[in-house]
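What's in run37.cif: mmCIF, C-alpha atoms
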```cif
data_final
loop_
_atom_site.label_atom_id
_atom_site.label_comp_id
_atom_site.auth_asym_id
_atom_site.auth_seq_id
_atom_site.Cartn_x
_atom_site.Cartn_y
_atom_site.Cartn_z
CA MET A 225 29.34 312.68 114.76
CA ARG A 226 28.92 316.19 116.07
CA ASP A 227 25.18 315.98 115.51
CA ARG A 228 24.71 313.29 118.11
CA GLY A 229 23.34 315.73 120.69
CA LEU A 230 20.89 317.16 118.18
CA ILE A 231 19.67 313.72 117.10
CA LEU A 232 19.19 312.52 120.67
CA THR A 233 17.31 315.73 121.53
CA GLY A 234 14.98 315.14 118.59
CA LEU A 235 14.45 311.52 119.58
CA THR A 236 13.66 312.49 123.17
CA ILE A 237 11.14 315.13 122.06
CA PHE A 238 9.48 312.63 119.71
CA LEU A 239 9.16 309.94 122.37
CA ALA A 240 7.90 312.46 124.93
CA LEU A 241 5.25 313.79 122.51
CA LEU A 242 4.16 310.26 121.63
CA LEU A 243 3.52 309.53 125.28
CA ALA A 244 1.54 312.75 125.77
CA PRO A 245 -1.65 310.90 126.82
CA VAL A 246 0.31 309.13 129.54
CA TRP A 247 1.62 312.42 130.95
CA GLN A 248 -1.84 313.93 130.73
CA ALA A 249 -3.37 310.98 132.58
CA ALA A 250 -0.64 311.15 135.21
CA LEU A 251 -1.19 314.88 135.76
CA ARG A 252 -4.98 314.90 135.68
CA GLY A 253 -5.52 311.73 137.67
CA SER A 254 -7.95 309.01 136.69
CA ALA A 255 -10.68 310.17 134.33
CA ARG A 256 -14.32 309.94 135.33
CA LYS A 257 -16.48 307.59 133.39
CA PRO A 258 -19.58 309.32 132.05
CA GLU A 259 -22.90 308.16 133.45
CA PRO A 260 -25.78 309.60 131.47
CA LYS A 261 -28.52 310.24 134.01
CA ILE A 262 -31.84 308.68 133.15
CA VAL A 263 -34.73 310.50 134.80
CA THR A 264 -37.63 308.60 133.28
CA LYS A 265 -39.46 305.62 134.74
CA ALA A 266 -39.71 303.88 131.36
CA LYS A 267 -37.76 300.66 131.25
CA GLN A 268 -36.58 300.93 127.66
CA CYS A 269 -36.00 303.47 124.93
CA VAL A 270 -37.55 302.99 121.47
CA GLU A 271 -34.90 300.37 120.75
CA PRO A 272 -32.79 298.25 123.17
CA THR A 273 -30.12 300.10 125.15
CA ALA A 274 -27.13 298.47 123.41
CA GLU A 275 -28.64 299.39 120.06
CA MET A 276 -29.43 302.99 121.11
CA ARG A 277 -25.96 303.46 122.58
CA ARG A 278 -24.32 302.65 119.25
CA ASN A 279 -26.82 303.81 116.65
CA HIS A 280 -28.94 306.60 118.17
CA MET A 281 -27.38 309.16 115.83
CA GLN A 282 -28.39 307.16 112.80
CA LEU A 283 -31.91 306.71 114.14
CA LEU A 284 -32.26 310.47 114.73
CA ASN A 285 -30.91 311.18 111.27
CA THR A 286 -33.44 308.82 109.70
CA TRP A 287 -36.21 310.37 111.79
CA ARG A 288 -35.27 313.84 110.64
CA ASP A 289 -35.23 312.86 106.98
CA THR A 290 -38.50 310.90 107.22
CA VAL A 291 -40.32 313.73 108.96
CA VAL A 292 -38.89 316.68 107.05
CA ARG A 293 -38.75 315.18 103.58
CA ARG A 294 -41.57 312.63 103.57
CA ASP A 295 -43.90 313.99 106.21
CA GLN A 296 -44.21 310.64 107.98
CA ARG A 297 -44.23 310.97 111.75
CA THR A 298 -44.84 307.45 113.06
CA TYR A 299 -41.93 305.14 113.79
CA LEU A 300 -42.39 301.41 114.05
CA ALA A 301 -39.88 300.07 116.56
CA ALA A 302 -38.37 296.61 116.31
CA ASP A 303 -40.61 295.28 119.10
CA GLY A 304 -43.79 296.44 117.31
CA LYS A 305 -44.43 299.59 119.34
CA THR A 306 -45.14 302.84 117.49
CA VAL A 307 -43.69 306.21 118.48
CA THR A 308 -43.97 309.70 117.10
CA MET A 309 -40.73 310.74 115.46
CA SER A 310 -39.84 313.91 117.30
CA LEU A 311 -36.67 314.96 119.10
CA SER A 312 -38.35 317.63 121.24
CA GLY A 313 -41.61 315.70 121.69
CA THR A 314 -40.53 312.08 122.11
CA CYS A 315 -36.84 311.96 123.04
CA MET A 316 -36.90 314.97 125.30
CA SER A 317 -39.99 313.77 127.15
CA CYS A 318 -37.90 311.02 128.73
CA HIS A 319 -34.51 312.73 128.49
CA PRO A 320 -35.15 316.42 129.26
CA ASN A 321 -31.78 316.73 130.95
CA LYS A 322 -29.49 317.52 128.02
CA LYS A 323 -26.58 318.53 130.26
CA GLU A 324 -26.66 315.35 132.31
CA PHE A 325 -27.77 312.98 129.56
CA CYS A 326 -26.63 313.97 126.05
CA ASP A 327 -23.60 316.01 127.03
CA ALA A 328 -22.26 313.40 129.46
CA CYS A 329 -20.96 311.11 126.71
CA HIS A 330 -20.69 313.72 123.95
CA ASN A 331 -18.27 315.84 125.98
CA TYR A 332 -16.37 312.74 127.10
CA LEU A 333 -15.68 311.85 123.46
CA ALA A 334 -15.58 315.36 122.00
CA VAL A 335 -18.65 314.74 119.86
CA ASN A 336 -20.36 317.92 118.76
CA PRO A 337 -23.73 317.08 117.24
CA TYR A 338 -25.58 319.79 115.37
CA CYS A 339 -29.04 319.02 116.75
CA TRP A 340 -29.25 322.33 118.55
CA GLU A 341 -28.49 324.44 115.52
CA CYS A 342 -32.17 323.98 114.54
CA HIS A 343 -33.85 322.77 117.75
CA ILE A 344 -34.16 325.01 120.76
CA GLU A 345 -32.00 323.79 123.60
CA PRO A 346 -34.03 322.80 126.67
CA LYS A 347 -33.85 325.27 129.54
CA GLU A 348 -32.25 323.71 132.56
CA LYS A 349 -31.21 324.76 135.99
CA SER A 350 -27.49 324.29 136.02
CA MET B 58 1.66 286.08 94.70
CA ARG B 59 3.54 288.24 97.18
CA VAL B 60 0.62 290.63 97.36
CA VAL B 61 -1.85 287.78 97.85
CA TRP B 62 0.15 286.42 100.79
CA SER B 63 0.41 289.88 102.34
CA LEU B 64 -3.33 290.47 102.06
CA LEU B 65 -4.12 286.98 103.38
CA LEU B 66 -1.74 287.48 106.29
CA VAL B 67 -3.40 290.76 107.29
CA GLY B 68 -6.83 289.16 106.93
CA ALA B 69 -5.73 286.26 109.12
CA LEU B 70 -4.33 288.66 111.74
CA ALA B 71 -7.64 290.55 111.80
CA LEU B 72 -9.49 287.27 112.31
CA VAL B 73 -7.09 286.31 115.11
CA GLY B 74 -7.95 289.56 116.89
CA PHE B 75 -11.65 289.20 116.15
CA PHE B 76 -12.11 285.63 117.34
CA GLY B 77 -9.26 285.59 119.86
CA ALA B 78 -10.96 288.26 121.92
CA GLN B 79 -14.28 286.44 121.78
CA ALA B 80 -12.62 283.24 122.94
CA GLY B 81 -11.65 284.88 126.20
CA GLY B 82 -8.51 286.69 125.06
CA GLN B 83 -9.87 290.17 125.87
CA ALA B 84 -7.13 290.99 128.36
CA LEU B 85 -4.51 289.63 125.96
CA PHE B 86 -5.66 291.62 122.91
CA GLY B 87 -6.83 294.67 124.85
CA ILE B 88 -4.02 295.09 127.38
CA VAL B 89 -1.00 292.77 127.12
CA LEU B 90 -0.36 292.96 123.37
CA PRO B 91 -0.90 296.75 123.09
CA TYR B 92 1.56 297.33 125.95
CA LEU B 93 4.09 294.94 124.45
CA ALA B 94 3.70 296.51 121.00
CA MET B 95 4.16 300.01 122.39
CA ALA B 96 7.27 298.91 124.30
CA VAL B 97 8.75 297.29 121.18
CA PHE B 98 7.94 300.42 119.18
CA LEU B 99 9.48 302.89 121.64
CA VAL B 100 12.62 300.85 122.33
CA GLY B 101 12.94 299.81 118.69
CA ILE B 102 12.78 303.36 117.35
CA ALA B 103 15.23 304.55 120.01
CA VAL B 104 17.69 301.75 119.19
CA ARG B 105 17.50 302.44 115.47
CA VAL B 106 17.99 306.21 115.86
CA VAL B 107 20.82 305.84 118.37
CA GLY B 108 22.45 303.38 115.97
CA TRP B 109 22.27 305.94 113.18
CA ALA B 110 23.54 308.69 115.48
CA ARG B 111 26.61 306.59 116.25
CA SER B 112 27.35 305.93 112.57
CA PRO B 113 30.35 307.77 111.18
CA VAL B 114 29.59 310.63 108.80
CA PRO B 115 33.10 311.55 107.75
CA PHE B 116 32.30 313.96 104.96
CA ARG B 117 29.50 315.94 103.39
CA ILE B 118 27.63 314.05 100.69
CA THR B 119 27.08 316.53 97.94
CA THR B 120 24.62 314.72 95.71
CA THR B 121 22.48 317.76 95.25
CA CYS B 122 19.86 319.07 92.91
CA GLY B 123 20.99 322.65 92.39
CA GLN B 124 23.88 325.01 91.81
CA GLU B 125 26.45 325.13 94.58
CA ARG B 126 27.22 328.45 96.20
CA SER B 127 30.46 329.73 94.74
CA LEU B 128 31.18 333.02 92.98
CA ALA B 129 28.90 335.98 93.50
CA TRP B 130 27.82 336.15 89.86
CA ILE B 131 26.79 332.50 89.66
CA LYS B 132 23.24 332.16 90.90
CA ALA B 133 23.21 329.61 93.72
CA SER B 134 20.32 327.42 94.75
CA PRO B 135 20.11 327.84 98.53
CA LEU B 136 17.42 325.19 99.13
CA ASP B 137 18.57 322.45 96.77
CA ASN B 138 22.24 322.97 97.50
CA PRO B 139 22.47 324.77 100.83
CA SER B 140 25.80 325.94 102.16
CA THR B 141 24.58 326.63 105.69
CA GLY B 142 23.09 324.51 108.43
CA LEU B 143 19.91 326.58 108.30
CA GLY B 144 19.53 325.90 104.59
CA ALA B 145 20.04 322.19 105.18
CA ALA B 146 17.42 322.26 107.94
CA ALA B 147 15.00 323.96 105.54
CA ARG B 148 15.74 321.30 102.93
CA VAL B 149 15.01 318.51 105.43
CA LEU B 150 11.82 320.26 106.54
CA LEU B 151 10.59 320.64 102.95
CA GLU B 152 11.40 317.00 102.29
CA VAL B 153 9.48 315.93 105.39
CA LEU B 154 6.48 318.18 104.77
CA THR B 155 6.18 318.14 100.98
CA PHE B 156 8.10 315.04 99.78
CA ARG B 157 10.15 316.93 97.20
CA SER B 158 12.18 313.87 96.23
CA LEU B 159 8.99 312.05 95.24
CA PHE B 160 8.01 315.10 93.21
CA ARG B 161 11.01 314.36 90.99
CA ASN B 162 9.65 310.92 90.17
CA ASN B 163 9.88 310.12 86.45
CA ARG B 164 8.32 307.47 84.29
CA SER B 165 10.20 305.92 81.38
CA GLU B 166 8.25 304.07 78.72
CA LEU B 167 8.88 302.31 75.45
CA ARG B 168 6.13 303.57 73.16
CA ASP B 169 4.83 302.29 69.86
CA GLY B 170 7.47 302.20 67.16
CA GLY B 171 10.28 301.81 69.66
CA ARG B 172 10.13 305.42 70.79
CA PHE B 173 11.55 305.80 74.30
CA THR B 174 10.04 308.54 76.44
CA VAL B 175 10.75 309.88 79.90
CA SER B 176 7.99 311.93 81.44
CA ALA B 177 7.13 313.38 84.82
CA ASP B 178 4.92 311.17 86.96
CA LYS B 179 3.36 313.04 89.86
CA TRP B 180 0.88 310.37 90.92
CA LEU B 181 3.19 308.69 93.39
CA TRP B 182 3.92 312.06 94.99
CA ALA B 183 0.25 313.04 95.12
CA ALA B 184 -0.90 309.71 96.57
CA ALA B 185 1.95 309.61 99.10
CA LEU B 186 1.13 313.15 100.24
CA ALA B 187 -2.59 312.35 100.45
CA PHE B 188 -1.92 309.17 102.41
CA HIS B 189 0.58 310.65 104.89
CA TYR B 190 -1.45 313.75 105.70
CA SER B 191 -4.76 311.95 106.08
CA PHE B 192 -3.05 309.35 108.24
CA LEU B 193 -1.63 312.13 110.41
CA VAL B 194 -5.11 313.65 110.83
CA VAL B 195 -6.62 310.25 111.62
CA PHE B 196 -3.84 309.66 114.17
CA LEU B 197 -4.44 313.04 115.83
CA ARG B 198 -8.20 312.50 115.84
CA HIS B 199 -7.71 309.31 117.84
CA TYR B 200 -6.38 311.46 120.66
CA ARG B 201 -9.99 311.88 121.73
CA PHE B 202 -9.93 308.31 123.01
CA PHE B 203 -6.74 308.80 125.01
CA ALA B 204 -7.23 312.17 126.68
CA GLU B 205 -9.74 313.41 129.20
CA PRO B 206 -10.58 316.25 128.79
CA VAL B 207 -10.10 316.19 125.02
CA PRO B 208 -7.87 319.09 123.91
CA ALA B 209 -9.64 321.81 121.91
CA VAL B 210 -7.27 321.25 118.97
CA VAL B 211 -8.58 317.73 118.49
CA ALA B 212 -12.15 319.05 118.41
CA TRP B 213 -11.15 321.63 115.77
CA ILE B 214 -9.51 318.96 113.63
CA GLN B 215 -12.65 316.82 113.88
CA GLY B 216 -14.82 319.79 112.95
CA LEU B 217 -12.71 320.61 109.90
CA ASP B 218 -12.47 316.99 108.87
CA GLY B 219 -16.24 316.56 109.02
CA PHE B 220 -16.85 319.94 107.41
CA PHE B 221 -19.24 318.64 104.75
CA GLN B 222 -21.62 317.11 107.34
CA VAL B 223 -22.49 314.17 105.14
CA GLY B 224 -24.50 311.49 106.95
CA LEU B 225 -24.44 310.70 110.63
CA PRO B 226 -21.96 309.96 112.10
CA VAL B 227 -20.46 312.67 109.92
CA VAL B 228 -18.22 311.29 107.19
CA TYR B 229 -14.61 312.39 107.63
CA VAL B 230 -12.85 313.47 104.45
CA THR B 231 -9.57 311.92 105.64
CA ASP B 232 -11.20 308.49 106.01
CA ILE B 233 -12.05 308.48 102.30
CA VAL B 234 -8.72 309.99 101.23
CA LEU B 235 -6.78 307.52 103.37
CA VAL B 236 -8.44 304.43 101.90
CA VAL B 237 -8.35 305.75 98.32
CA ALA B 238 -4.68 306.75 98.55
CA LEU B 239 -3.67 303.40 100.08
CA GLY B 240 -5.66 301.62 97.41
CA TYR B 241 -3.88 303.58 94.70
CA LEU B 242 -0.43 302.92 96.23
CA LEU B 243 -1.19 299.21 96.26
CA TRP B 244 -2.64 299.23 92.73
CA ARG B 245 0.37 301.20 91.47
CA ARG B 246 2.71 298.36 92.45
CA LEU B 247 0.49 295.80 90.72
CA ALA B 248 -0.38 297.67 87.55
CA ASP B 249 3.15 298.21 86.23
CA PRO B 250 4.96 294.91 85.44
CA ARG B 251 8.37 296.42 86.18
CA LEU B 252 7.22 297.80 89.51
CA ARG B 253 5.56 294.49 90.33
CA TYR B 254 8.82 292.71 89.59
CA ILE B 255 10.79 294.74 92.14
CA SER B 256 8.05 294.79 94.79
CA LEU B 257 8.66 292.57 97.77
CA PRO B 258 6.47 291.29 100.59
CA ALA B 259 8.08 294.06 102.66
CA ASP B 260 6.42 296.52 100.26
CA TYR B 261 3.01 294.87 100.14
CA PHE B 262 2.64 293.92 103.78
CA PRO B 263 2.75 297.47 105.23
CA LEU B 264 0.25 298.65 102.63
CA ALA B 265 -2.05 295.72 103.33
CA LEU B 266 -1.69 296.24 107.08
CA LEU B 267 -2.48 299.95 106.86
CA LEU B 268 -5.41 299.18 104.60
CA GLY B 269 -6.66 296.63 107.13
CA ILE B 270 -6.37 299.16 109.95
CA ALA B 271 -8.10 301.87 107.93
CA LEU B 272 -10.93 299.62 106.76
CA SER B 273 -11.59 298.16 110.22
CA GLY B 274 -11.66 301.73 111.58
CA VAL B 275 -14.08 302.82 108.86
CA LEU B 276 -16.32 299.83 109.61
CA LEU B 277 -16.26 300.66 113.31
CA ARG B 278 -17.32 304.24 112.70
CA TYR B 279 -19.87 303.96 109.92
CA VAL B 280 -21.16 300.42 109.67
CA SER B 281 -20.83 298.18 112.70
CA LYS B 282 -20.57 300.90 115.31
CA ALA B 283 -18.65 300.34 118.51
CA ASP B 284 -19.67 301.43 121.97
CA VAL B 285 -17.19 304.30 122.00
CA VAL B 286 -17.63 305.09 125.70
CA ALA B 287 -16.39 301.59 126.53
CA VAL B 288 -13.56 301.96 124.00
CA LYS B 289 -12.45 305.19 125.64
CA GLU B 290 -12.54 303.54 129.07
CA LEU B 291 -10.18 300.89 127.73
CA ALA B 292 -7.87 303.49 126.16
CA ILE B 293 -7.83 305.71 129.25
CA GLY B 294 -7.11 302.64 131.36
CA LEU B 295 -4.11 301.87 129.17
CA VAL B 296 -2.59 305.36 129.30
CA SER B 297 -3.24 305.84 133.01
CA LEU B 298 -1.48 302.50 133.66
CA HIS B 299 -4.57 301.06 135.38
CA PRO B 300 -5.72 298.86 132.51
CA THR B 301 -9.15 297.29 132.58
CA VAL B 302 -11.29 295.75 129.88
CA PRO B 303 -14.80 297.19 130.30
CA GLN B 304 -17.93 295.34 129.29
CA GLY B 305 -19.42 295.72 125.84
CA ILE B 306 -16.37 296.16 123.62
CA ASP B 307 -17.14 294.74 120.19
CA PRO B 308 -14.86 292.04 118.71
CA LEU B 309 -14.10 294.28 115.72
CA VAL B 310 -12.49 296.78 118.11
CA PHE B 311 -10.09 294.06 119.21
CA ALA B 312 -9.32 293.23 115.59
CA HIS B 313 -8.55 296.94 114.99
CA ILE B 314 -6.37 297.19 118.12
CA PHE B 315 -4.56 293.96 117.26
CA LEU B 316 -3.73 295.19 113.75
CA VAL B 317 -2.40 298.45 115.24
CA SER B 318 -0.33 296.40 117.72
CA VAL B 319 1.12 294.44 114.81
CA LEU B 320 1.91 297.70 113.01
CA LEU B 321 3.69 299.11 116.08
CA THR B 322 5.71 295.94 116.51
CA TYR B 323 6.59 295.73 112.83
CA PHE B 324 7.47 299.43 112.59
CA PRO B 325 11.07 299.59 113.90
CA PHE B 326 12.18 296.56 111.86
CA SER B 327 10.76 297.56 108.51
CA LYS B 328 10.94 300.26 105.88
CA LEU B 329 8.40 302.16 107.95
CA VAL B 330 11.19 303.54 110.15
CA HIS B 331 11.67 306.09 107.40
CA MET B 332 9.49 308.16 109.75
CA ALA B 333 12.61 308.63 111.89
CA GLY B 334 15.16 307.98 109.17
CA VAL B 335 14.02 310.75 106.84
CA PHE B 336 15.45 313.30 109.28
CA LEU B 337 18.82 311.59 109.05
CA SER B 338 19.10 311.33 105.25
CA PRO B 339 22.71 312.34 104.61
CA THR B 340 21.93 313.76 101.17
CA ARG B 341 19.27 316.03 102.70
CA ASN B 342 20.66 317.14 106.06
CA LEU B 343 24.30 317.89 105.27
CA ALA B 344 25.13 321.38 104.07
CA ASN B 345 27.38 321.46 101.02
CA ASP B 346 30.26 323.45 102.49
CA ASN B 347 33.11 321.17 101.48
CA ARG B 348 34.89 324.03 99.73
CA MET B 349 34.47 326.52 102.56
CA ARG B 350 35.32 324.44 105.59
CA ARG B 351 37.86 321.74 106.02
CA HIS B 352 36.17 318.63 107.36
CA ILE B 353 38.65 316.60 109.31
CA ASN B 354 37.67 313.07 110.00
CA PRO B 355 37.68 313.01 113.82
CA TRP B 356 38.74 309.38 114.09
CA ASN B 357 41.62 309.55 111.61
CA PRO B 358 44.76 308.01 113.10
CA PRO B 359 47.41 310.61 113.87
CA ILE B 360 49.68 311.01 110.81
CA VAL B 361 53.29 310.48 111.79
CA GLY B 362 55.36 312.58 109.43
CA HIS B 363 58.99 312.04 108.52
CA THR B 364 60.55 315.26 107.21
CA TYR B 365 63.61 315.49 104.97
CA ALA B 366 65.58 317.00 107.82
CA GLU B 367 64.76 314.01 110.01
CA TRP B 368 65.66 311.63 107.17
CA GLU B 369 68.92 313.41 106.53
CA HIS B 370 69.71 313.25 110.24
CA GLU B 371 68.97 309.52 110.28
CA PHE B 372 71.27 308.71 107.35
CA HIS B 373 73.78 311.45 108.10
CA ASP B 374 76.88 309.25 108.16
CA LYS B 375 76.00 307.33 105.01
CA LEU B 376 75.23 310.53 103.10
CA VAL B 377 78.53 312.02 104.15
CA ALA B 378 80.39 308.83 103.20
CA SER B 379 78.80 308.89 99.75
CA GLY B 380 79.75 312.51 99.26
CA ILE B 381 76.16 313.71 98.93
CA PRO B 382 75.78 317.36 99.95
CA LEU B 383 73.80 317.97 103.10
CA ASP B 384 71.23 320.70 103.80
CA GLU B 385 72.40 320.98 107.38
CA GLU B 386 75.67 322.65 106.48
#
```

As structure tokens, the full file:
Amino acid sequence: MRDRGLILTGLTIFLALLLAPVWQAALRGSARKPEPKIVTKAKQCVEPTAEMRRNHMQLLNTWRDTVVRRDQRTYLAADGKTVTMSLSGTCMSCHPNKKEFCDACHNYLAVNPYCWECHIEPKEKS
Amino acid sequence: MRVVWSLLLVGALALVGFFGAQAGGQALFGIVLPYLAMAVFLVGIAVRVVGWARSPVPFRITTTCGQERSLAWIKASPLDNPSTGLGAAARVLLEVLTFRSLFRNNRSELRDGGRFTVSADKWLWAAALAFHYSFLVVFLRHYRFFAEPVPAVVAWIQGLDGFFQVGLPVVYVTDIVLVVALGYLLWRRLADPRLRYISLPADYFPLALLLGIALSGVLLRYVSKADVVAVKELAIGLVSLHPTVPQGIDPLVFAHIFLVSVLLTYFPFSKLVHMAGVFLSPTRNLANDNRMRRHINPWNPPIVGHTYAEWEHEFHDKLVASGIPLDEE
């Protein structure tokens, strides 16, 4: 009986916390949608865009293991083309703009890949 | 049989989400149903809690697990039998955070030769703890889809959760713990004939539903990966109240969202409201101070007394006529 105020306070705090994303969206305004900037003239990456968008991390992981552990450096893409498996050599030749390309989506979704713990980050004018 | 129906029902719901969205129901499964489910959840929880808040609690329930505070030389148990509001709050907090009542779970068995044994059984407690905490972490991790910019705390949680850096995308420890714990909790109900006998669809369905949500989430992260940028656009659209369904959202995402919508809708009407109810457990949140304070029921009717003096006054003449001595003189 006498705890009614306490219970209702707790309920209000819970409901307010649950709706935290709504308050954040209301305060910050509409969020920008990331647009990774493509600076190359090539029409397509080593695999189709939809495939790369979803599975690029797995591809890079396989590349790393194949190169480092089995010393094989040639990748046969699904469409029959061959590419050298190299982050700095192949990927970065078309996507040298880490800040505008990689980070655009990674920051948007709080993904923190550990590529740059071994590879040297490209120097960019920011 | 009850478990089979529960599992089939959850499977059917997942298929409804999966194929419903492909058949042009993207706005329905991505916008309308999530909003409806959230509304039902918020209002439902509020109605349940307000209902409990209005329920009479006329006295302190002293079913306790420790020595009451009494004389100075009798050692009291301040957490299991608190005499102050603070102690009761600590007891509720420990119950919420560590599930102490499940820790007391026992198992009675009839062994060979008719020997009856009662032994401690900590598996329920361990699995419940593992499930609840990993579910909490998974819930908090999903904040990255609903907030822009993502708070630093969420990034820390992700980093800790993926500490072992197994595979890519990094395997989260909580994903494994969540599925294993749910699997155990389901198996536990099936393995013991007595437990199976008392288990109802209302016990199996939430487990099956949570398992369906967890497995579809695991599939979306590790196997059939979703376009997470599109998923975040959808989520941000929902929370900023400008909902849109962007291109390229995989059907499995809709199955996942639909199962979560079902969970939210089911929540206030089922045993899952223990999330709110645990804070209002009368045996946990009432201090045992019955002997120190007088608890007067606030809605007792006023007691109309009739004293001897009043009675004597009422029957004064008859008492005098009968020769009975009066106090008044």

Per residue of chain B within 9 Å of chain A, note the shortest atom pair and the distance in Å to one decimal, counting all atoms listed in the file, and order the rows by chain and increasing residue number, as CSV.
```
residue,atom,partner,partner_atom,distance
B:Leu99,CA,A:Leu239,CA,7.1
B:Ile102,CA,A:Leu235,CA,8.6
B:Ala103,CA,A:Leu235,CA,7.0
B:Val106,CA,A:Leu235,CA,7.4
B:Val107,CA,A:Leu232,CA,7.3
B:Ala110,CA,A:Arg228,CA,5.4
B:Arg111,CA,A:Met225,CA,6.8
B:Ser112,CA,A:Met225,CA,7.4
B:Pro113,CA,A:Met225,CA,6.2
B:Val114,CA,A:Met225,CA,6.3
B:Pro115,CA,A:Met225,CA,8.0
B:Tyr200,CA,A:Pro245,CA,7.8
B:Arg201,CA,A:Leu333,CA,5.9
B:Phe202,CA,A:Leu333,CA,6.8
B:Phe203,CA,A:Pro245,CA,5.8
B:Ala204,CA,A:Pro245,CA,5.7
B:Glu205,CA,A:Ala255,CA,6.1
B:Pro206,CA,A:Tyr332,CA,7.0
B:Val207,CA,A:Ala334,CA,6.3
B:Pro208,CA,A:Ala334,CA,8.8
B:Ala209,CA,A:Ala334,CA,8.8
B:Val211,CA,A:Ala334,CA,8.2
B:Ala212,CA,A:Ala334,CA,6.2
B:Gln215,CA,A:Val335,CA,8.7
B:Gly216,CA,A:Asn336,CA,8.2
B:Gly224,CA,A:Asn285,CA,7.7
B:Leu225,CA,A:Gln282,CA,5.7
B:Pro226,CA,A:Met281,CA,6.6
B:Ser281,CA,A:Arg278,CA,8.7
B:Lys282,CA,A:Arg278,CA,5.7
B:Ala283,CA,A:Arg278,CA,6.2
B:Asp284,CA,A:Arg278,CA,5.5
B:Val285,CA,A:Arg278,CA,7.8
B:Val286,CA,A:Cys329,CA,7.0
B:Lys289,CA,A:Leu333,CA,7.7
B:Glu290,CA,A:Lys257,CA,7.1
B:Ile293,CA,A:Ala255,CA,7.3
B:Gly294,CA,A:Ser254,CA,8.3
B:Leu295,CA,A:Val246,CA,8.5
B:Val296,CA,A:Val246,CA,4.8
B:Ser297,CA,A:Ala249,CA,5.2
B:Leu298,CA,A:Val246,CA,8.0
B:His299,CA,A:Ser254,CA,8.7
B:Gly305,CA,A:Ala274,CA,8.5
B:Ala333,CA,A:Leu235,CA,8.4
B:Phe336,CA,A:Ile231,CA,8.9
B:Leu337,CA,A:Ile231,CA,8.4
B:Pro355,CA,A:Met225,CA,8.4
```

Any chance you could export the current selection's C-alpha atoms as a tab-separated table (two decimals), keeping the file's coordinate frame?
```
chain	number	residue	atom	x	y	z
B	99	LEU	CA	9.48	302.89	121.64
B	102	ILE	CA	12.78	303.36	117.35
B	103	ALA	CA	15.23	304.55	120.01
B	106	VAL	CA	17.99	306.21	115.86
B	107	VAL	CA	20.82	305.84	118.37
B	110	ALA	CA	23.54	308.69	115.48
B	111	ARG	CA	26.61	306.59	116.25
B	112	SER	CA	27.35	305.93	112.57
B	113	PRO	CA	30.35	307.77	111.18
B	114	VAL	CA	29.59	310.63	108.80
B	115	PRO	CA	33.10	311.55	107.75
B	200	TYR	CA	-6.38	311.46	120.66
B	201	ARG	CA	-9.99	311.88	121.73
B	202	PHE	CA	-9.93	308.31	123.01
B	203	PHE	CA	-6.74	308.80	125.01
B	204	ALA	CA	-7.23	312.17	126.68
B	205	GLU	CA	-9.74	313.41	129.20
B	206	PRO	CA	-10.58	316.25	128.79
B	207	VAL	CA	-10.10	316.19	125.02
B	208	PRO	CA	-7.87	319.09	123.91
B	209	ALA	CA	-9.64	321.81	121.91
B	211	VAL	CA	-8.58	317.73	118.49
B	212	ALA	CA	-12.15	319.05	118.41
B	215	GLN	CA	-12.65	316.82	113.88
B	216	GLY	CA	-14.82	319.79	112.95
B	224	GLY	CA	-24.50	311.49	106.95
B	225	LEU	CA	-24.44	310.70	110.63
B	226	PRO	CA	-21.96	309.96	112.10
B	281	SER	CA	-20.83	298.18	112.70
B	282	LYS	CA	-20.57	300.90	115.31
B	283	ALA	CA	-18.65	300.34	118.51
B	284	ASP	CA	-19.67	301.43	121.97
B	285	VAL	CA	-17.19	304.30	122.00
B	286	VAL	CA	-17.63	305.09	125.70
B	289	LYS	CA	-12.45	305.19	125.64
B	290	GLU	CA	-12.54	303.54	129.07
B	293	ILE	CA	-7.83	305.71	129.25
B	294	GLY	CA	-7.11	302.64	131.36
B	295	LEU	CA	-4.11	301.87	129.17
B	296	VAL	CA	-2.59	305.36	129.30
B	297	SER	CA	-3.24	305.84	133.01
B	298	LEU	CA	-1.48	302.50	133.66
B	299	HIS	CA	-4.57	301.06	135.38
B	305	GLY	CA	-19.42	295.72	125.84
B	333	ALA	CA	12.61	308.63	111.89
B	336	PHE	CA	15.45	313.30	109.28
B	337	LEU	CA	18.82	311.59	109.05
B	355	PRO	CA	37.68	313.01	113.82
```

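Counting all atoms listed in the file and comparing B:Val335, B:Ala238, B:Ile270, B:Leu85, the residue that lies closest to B:Ala183 is B:Ala238.
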
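You will find atom CA of B:Val319 at 7.0 Å from atom CA of B:Ala94.
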
Residue with smallest distance to B:Pro303 - pool B:Ala84, B:Thr155, B:Val194, B:Leu66, counting all atoms listed in the file: B:Ala84

Nearest to B:Leu277 by atom-to-atom distance, counting only C-alpha atoms, from B:Val175, B:Ala292, B:Ala312, B:Ile353: B:Ala312

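Note that the spacing between atom CA of B:Thr340 and atom CA of B:Ile118 amounts to 5.7 Å.
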